[in-house]
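Enquirer: Quick one: the structure is below, and I'll ask about it shortly.
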Amino acid sequence: MNKVAKQSEDIYKEKIEQLKAIYPALFSDEGNLNEDELQSFLKQFASSSEGKYEFNWAGKMSAKRNAFTTSRAMLKPDKDRSIDFDKTENLIIEGDNLEVLKLLQKSYQGKIKCIYIDPPYNTGNDFIYTDNFSDTKQAYWEKSGTTQDGVKLDTNTESQGRYHSNWLNMIYPRLLIARNLLKDDGVTFVSINDSEVYNFKKLMDEIFGEENFIANITRVSKTTSFRGNFFAPSKDYLLVYAKNIYSLSQFQDIVEEKQFKKTELDGARKGEKYRDDIAFYLSTLETRPNQRYYIVCPDGEKVVPPGKTFPPDKPIGGDGVWRWNLETYNQKKSLIVFKPSNRSPLITDNGEKAHWNIYTKSYLNDKIENGNLPRDLFTNFLNRNGSEDLKKLGIPFDFSKPSKLIRYILKIIGTSKIDIILDFFAGSGSTAQAVMELNKEDRGNRKFILVQIPEKTDENSEAYKAGYKKISDICIERVKRVAKKLSEEKATGDIGFKVFTLSPSYFPENLFTPDPEKTEEENKKALAKYIEEASTQLEFKFDEFDLMYEVLLKDGFTLNFKAEKLTEFTKNNIYKVTDGEKHAYVTLDGDLKDETLQKLQDYKGERFLCLERAIDTTKKWNLQNMFGSNLWVI
């Protein structure tokens, strides 16, 4: 019989199957990877005598294993902290993001357009995320839940000798599995500082592939700074990677309409707005012979950009050049504008000062359709803008990326109005504010998924004194206040959100903790005994609503499924569940009645899920005849 998975998707198994599909010869008849064959295959590309470039650190293999182990947790819905739970498709998930990302794998793989994260920088101070969800240490939900008013912190000081390794071991598995969630034309932006940008670039190259690197953007974070050694730090970075760079559309900067002040008075483009004040020459240190040539002005004067080279077709480094090469210039001459000037930087063919300046004309309509490339230097998104966002909402918290930074990112990459944006280091919720405000601006319906660990706030902070014991509390309250503000401004679209918390599974096999002092075989026997004892309990206690989310998420339904109770069934609760892409009929009752079994004859061939303990051998046989391979037991 088919059994619904009670743990998250087995990514390791999935990758092995993909490898088999790509190159079956690497596997034996028994399905095992033939390491000798793999080595032979690889040596066709590099001899054993050649060295190889490799990025490695202490704990890397363990970090990779962490990514490919399954999650034994569940996401428990929290209606009390949500807004419009039954209608909204936005998600805020409280819990360790590694576990959450694993749980999202099956349902959200290939569905995310943009990932933006601002992970904790490696400052040498305490940070959380130890990836001990259910080992021999305290269970995660005991360690990070409200029972201890926050989370236990682990130190990462420079004196440990694993300063960089600890941080890389934290971030590596999260990005490794997050990449799976991206659409083929998806993009990832990661905020990072000087401490780890060098290592992080190499890590991202490994995960995404060097060919999918897009940019390392410098962001001016402060304009006044009085700390630091030798230099006052004023910047951080945004590393940008594509899932598949060949599937991406061109990024396009925002067009500021106020710059197009003139109106065409006649001709084919009469009435259109334009500007003609962008200089046609560029200064450069590069040698560009195809962009240095004479242009004839209206009075016959031949001019060239400033420089030392004559004739202009044999330039040296440092000579000025035109914006276009000669071929493009001849094609687009109609967009060239000549203006008389007594202070022209251009020079004539005899080396004298020119009497003309040359500019290009650009039309607003063209720019909206084919805007300029964004620059890789961001100067308009300061840290204080993030603090101002929260101050306007009445929330005392200083460490927040500006929401307009994320809004700008979503604009330039060309997110559609129905895309999903993921932030699994959500902090105070800047990404949610950016998505909701952008939706208001262009009447879009983008969705966000935020993940934030219940990290406790400093007891001396204003946030703690104001009642925010965890950063996830700040995140949820912020999004509520943004939603309220947008509602008052009559914004349309989805301004609600569902809250989920990472919680222990209902299934006993997911609660079992192996004994490190015992062998693997001994632990397997102990697990079998544990499950047998748990399954013989007279009552399987669970909340039907919560269990439905655990089962259906692990079965591949998104967290925005709809469950309709079917009224024709009076002896059992039977639900038709759909998430827009797939559907199934589900019951979580502990005993499937004979009358229900008869009525299910009308649903032959449909996908049906039920608890295994709810059916005896005879009912199993009848259900298999009805549903065949579409019968799944839990």
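Labeling convention for the structure tokens: chains A, B, ... as they appear, residues from 1 per chain, ligands from 1 in order of appearance.
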Which residues in region 393-531 of chain A does DSSP call helix (DSSP H, G or I)? List them as number ranges by chain.
Expert: A: 403-412, 430-442, 462-465, 471-488, 508-510, 520-531
Enquirer: Contacts of region 494-498 of chain A at 6 Å or less, counting only C-alpha atoms, minus same-chain residues fewer than 2 places along, as an mmCIF file with C-alpha atoms, in the first residue's frame?
Expert:
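Writing the result to out_28.cif gives the following:
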data_model
loop_
_atom_site.group_PDB
_atom_site.id
_atom_site.type_symbol
_atom_site.label_atom_id
_atom_site.label_comp_id
_atom_site.auth_asym_id
_atom_site.auth_seq_id
_atom_site.Cartn_x
_atom_site.Cartn_y
_atom_site.Cartn_z
ATOM 1 C CA SER A 82 -2.954 35.328 11.838
ATOM 2 C CA ILE A 83 -5.057 37.738 9.773
ATOM 3 C CA ASP A 84 -7.733 36.273 7.449
ATOM 4 C CA PHE A 85 -6.286 32.782 7.901
ATOM 5 C CA THR A 88 -4.855 34.733 2.716
ATOM 6 C CA ASN A 90 0.858 34.879 2.673
ATOM 7 C CA LEU A 91 2.830 32.864 5.234
ATOM 8 C CA ALA A 483 -1.786 45.440 6.870
#
Enquirer: Rank nothing, just name the residue among A:Asp86, A:Thr218, A:Thr224, A:Asp118 nearest to Phe561 (chain A), using only C-alpha atoms.
Expert: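 Counting only C-alpha atoms, the residue closest to Phe561 (chain A) is A:Asp86.
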Enquirer: Extract, using only C-alpha atoms, all DNA, RNA and protein residues at most 10 Å from Thr596 (chain A), discarding same-chain residues fewer than 4 positions from it, and format them as a PyMOL selection string.
Expert: chain A and resi 568-574+592+600-601
Enquirer: Selection from above, C-alpha atoms, as a PDB file, in the first residue's frame, can you write it?
Expert:
ATOM      1  CA  GLU A 568     -23.146  13.437   1.966  1.00  0.00           C
ATOM      2  CA  PHE A 569     -20.941  11.588   4.452  1.00  0.00           C
ATOM      3  CA  THR A 570     -22.696  11.496   7.846  1.00  0.00           C
ATOM      4  CA  LYS A 571     -20.742   8.782   9.665  1.00  0.00           C
ATOM      5  CA  ASN A 572     -17.237  10.162   9.036  1.00  0.00           C
ATOM      6  CA  ASN A 573     -15.628  13.508   8.314  1.00  0.00           C
ATOM      7  CA  ILE A 574     -14.573  13.341   4.647  1.00  0.00           C
ATOM      8  CA  LEU A 592     -13.873   4.289   8.854  1.00  0.00           C
ATOM      9  CA  LEU A 600     -16.883   6.111  -1.371  1.00  0.00           C
ATOM     10  CA  GLN A 601     -17.803   3.888  -4.349  1.00  0.00           C
TER      11      GLN A 601
END
Enquirer: Would you list the contacts of Arg607 (chain A) as a PyMOL selection string, taking every protein, DNA or RNA residue within 7 Å and counting only C-alpha atoms, but skipping same-chain residues closer than 5 positions in sequence?
Expert: chain A and resi 584-585+627+630-631
Enquirer: Please dump the current selection as a PDB file, in the first residue's frame; keep C-alpha atoms.
Expert:
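What landed in result-v7.pdb:
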ATOM      1  CA  ALA A 584      -7.513  14.532  -2.855  1.00  0.00           C
ATOM      2  CA  TYR A 585     -10.200  13.182  -0.532  1.00  0.00           C
ATOM      3  CA  PHE A 627      -8.849   3.505  -5.508  1.00  0.00           C
ATOM      4  CA  ASN A 630      -4.485   6.294  -5.528  1.00  0.00           C
ATOM      5  CA  LEU A 631      -5.089   4.901  -2.036  1.00  0.00           C
TER       6      LEU A 631
END
Enquirer: Mind pulling up the distance from CA of Val586 (chain A) to CA of Met74 (chain A)?
Expert: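 For CA of Met74 (chain A) relative to CA of Val586 (chain A), the distance reads 18.2 Å.
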Enquirer: With distances taken over only C-alpha atoms, which residue among A:Ala215, A:Leu502, A:Lys469, A:Lys411 lies nearest Leu98 (chain A)?
Expert: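 Once distances to Leu98 (chain A) are computed over only C-alpha atoms, the minimum belongs to A:Leu502.
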Enquirer: Quick one, how far is CA of Gly209 (chain A) from CA of Lys243 (chain A)?
Expert: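 It comes out at 8.8 Å.
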Enquirer: Might you pull out every residue within 7 Å of Asp236 (chain A), with only C-alpha atoms counted and same-chain residues fewer than 6 positions away left off, and present them as a list in words?
Expert: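 So, after excluding close chain neighbours, the residues are Ile192, Asn193, Asp194, Thr218, Arg219, Val220 and Ser221 of chain A.
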Enquirer: Using Å and a single decimal, report how far CA of Ile474 (chain A) sits from CA of Asp546 (chain A).
Expert: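 Taking CA of Asp546 (chain A) and CA of Ile474 (chain A), their separation equals 24.5 Å.
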Enquirer: Using only C-alpha atoms, which protein or nucleic acid residues come within 12 Å of Asn2 (chain A)? Drop anything in the same chain fewer than 5 positions from it, and give the result as an mmCIF file with N, CA and C atoms, in the first residue's frame.
Expert:
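Dumped everything to around_1.cif:
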data_model
loop_
_atom_site.group_PDB
_atom_site.id
_atom_site.type_symbol
_atom_site.label_atom_id
_atom_site.label_comp_id
_atom_site.auth_asym_id
_atom_site.auth_seq_id
_atom_site.Cartn_x
_atom_site.Cartn_y
_atom_site.Cartn_z
ATOM 1 N N ASP A 555 2.706 15.606 1.950
ATOM 2 C CA ASP A 555 2.204 14.910 0.771
ATOM 3 C C ASP A 555 2.294 15.773 -0.483
ATOM 4 N N ARG A 607 -7.928 10.258 -5.622
ATOM 5 C CA ARG A 607 -6.861 10.053 -4.623
ATOM 6 C C ARG A 607 -7.499 10.120 -3.241
ATOM 7 N N PHE A 608 -7.274 9.100 -2.429
ATOM 8 C CA PHE A 608 -7.926 9.004 -1.115
ATOM 9 C C PHE A 608 -6.873 8.756 -0.043
ATOM 10 N N LEU A 609 -6.928 9.547 1.051
ATOM 11 C CA LEU A 609 -5.993 9.424 2.170
ATOM 12 C C LEU A 609 -6.765 9.140 3.445
ATOM 13 N N CYS A 610 -6.265 8.179 4.228
ATOM 14 C CA CYS A 610 -6.896 7.886 5.519
ATOM 15 C C CYS A 610 -5.854 7.338 6.483
ATOM 16 N N LEU A 611 -6.213 7.279 7.767
ATOM 17 C CA LEU A 611 -5.322 6.715 8.771
ATOM 18 C C LEU A 611 -5.302 5.196 8.642
ATOM 19 N N GLU A 612 -4.114 4.613 8.703
ATOM 20 C CA GLU A 612 -4.007 3.157 8.571
ATOM 21 C C GLU A 612 -4.726 2.454 9.713
ATOM 22 N N LYS A 620 -9.213 -2.461 4.000
ATOM 23 C CA LYS A 620 -8.046 -2.155 3.156
ATOM 24 C C LYS A 620 -8.238 -2.761 1.774
ATOM 25 N N LEU A 623 -10.906 -0.850 -0.174
ATOM 26 C CA LEU A 623 -10.423 0.466 -0.602
ATOM 27 C C LEU A 623 -9.430 0.349 -1.751
ATOM 28 N N GLN A 624 -8.595 -0.697 -1.709
ATOM 29 C CA GLN A 624 -7.633 -0.891 -2.800
ATOM 30 C C GLN A 624 -8.343 -1.218 -4.114
ATOM 31 N N PHE A 627 -9.760 2.407 -5.173
ATOM 32 C CA PHE A 627 -8.849 3.505 -5.508
ATOM 33 C C PHE A 627 -7.534 3.044 -6.144
ATOM 34 N N GLY A 628 -7.213 1.761 -6.035
ATOM 35 C CA GLY A 628 -5.986 1.257 -6.629
ATOM 36 C C GLY A 628 -4.762 1.982 -6.088
ATOM 37 N N SER A 629 -3.909 2.425 -6.993
ATOM 38 C CA SER A 629 -2.672 3.100 -6.580
ATOM 39 C C SER A 629 -2.926 4.496 -6.015
ATOM 40 N N ASN A 630 -4.149 4.979 -6.092
ATOM 41 C CA ASN A 630 -4.485 6.294 -5.528
ATOM 42 C C ASN A 630 -4.902 6.224 -4.068
ATOM 43 N N LEU A 631 -4.826 5.035 -3.473
ATOM 44 C CA LEU A 631 -5.089 4.901 -2.036
ATOM 45 C C LEU A 631 -3.791 5.136 -1.275
ATOM 46 N N TRP A 632 -3.836 6.063 -0.330
ATOM 47 C CA TRP A 632 -2.673 6.373 0.506
ATOM 48 C C TRP A 632 -3.089 6.331 1.966
ATOM 49 N N VAL A 633 -2.293 5.613 2.768
ATOM 50 C CA VAL A 633 -2.594 5.520 4.197
ATOM 51 C C VAL A 633 -1.561 6.305 4.992
ATOM 52 N N ILE A 634 -1.996 6.773 6.152
ATOM 53 C CA ILE A 634 -1.163 7.629 6.993
ATOM 54 C C ILE A 634 -0.822 6.869 8.267
#
Enquirer: Quick one: of A:Ser362, A:Ser191, A:Ser107, A:Ser416, who's nearest to Tyr274 (chain A), counting only C-alpha atoms?
Expert: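 Ranking A:Ser362, A:Ser191, A:Ser107, A:Ser416 by distance to Tyr274 (chain A), first place goes to A:Ser362.
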Enquirer: Tell me, counting only C-alpha atoms, for each residue of region 229-343 of chain A within 12 Å of region 376-386 of chain A, which pair of atoms is nearest and how far apart they are in Å to one decimal, in rows ordered by chain and increasing number, as CSV.
Expert:
residue,atom,partner,partner_atom,distance
A:Ser234,CA,A:Leu382,CA,9.5
A:Lys235,CA,A:Leu382,CA,9.1
A:Asp236,CA,A:Phe378,CA,9.9
A:Tyr237,CA,A:Leu377,CA,9.2
A:Leu238,CA,A:Asp376,CA,9.1
A:Leu239,CA,A:Asp376,CA,10.3
A:Val240,CA,A:Asp376,CA,10.3
A:Phe251,CA,A:Asp376,CA,11.7
A:Asp253,CA,A:Asp376,CA,11.0
Enquirer: Limited to C-alpha atoms, could you put the picked residues into a file as an mmCIF file, in the first residue's frame?
Expert:
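As written to disk, selection.cif reads:
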data_model
loop_
_atom_site.group_PDB
_atom_site.id
_atom_site.type_symbol
_atom_site.label_atom_id
_atom_site.label_comp_id
_atom_site.auth_asym_id
_atom_site.auth_seq_id
_atom_site.Cartn_x
_atom_site.Cartn_y
_atom_site.Cartn_z
ATOM 1 C CA SER A 234 29.906 52.604 5.588
ATOM 2 C CA LYS A 235 28.831 49.766 3.303
ATOM 3 C CA ASP A 236 27.766 46.182 2.935
ATOM 4 C CA TYR A 237 27.062 43.993 -0.074
ATOM 5 C CA LEU A 238 24.326 42.157 -1.943
ATOM 6 C CA LEU A 239 25.454 38.994 -3.703
ATOM 7 C CA VAL A 240 23.091 38.156 -6.563
ATOM 8 C CA PHE A 251 16.928 43.517 -15.320
ATOM 9 C CA ASP A 253 16.015 50.071 -13.559
#
Enquirer: When distances are computed from only C-alpha atoms, which of A:Lys258, A:Arg292, A:Leu265, A:Ile11 shows the smallest separation from Leu181 (chain A)?
Expert: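 Ranked by minimum distance to Leu181 (chain A), first place goes to A:Ile11.
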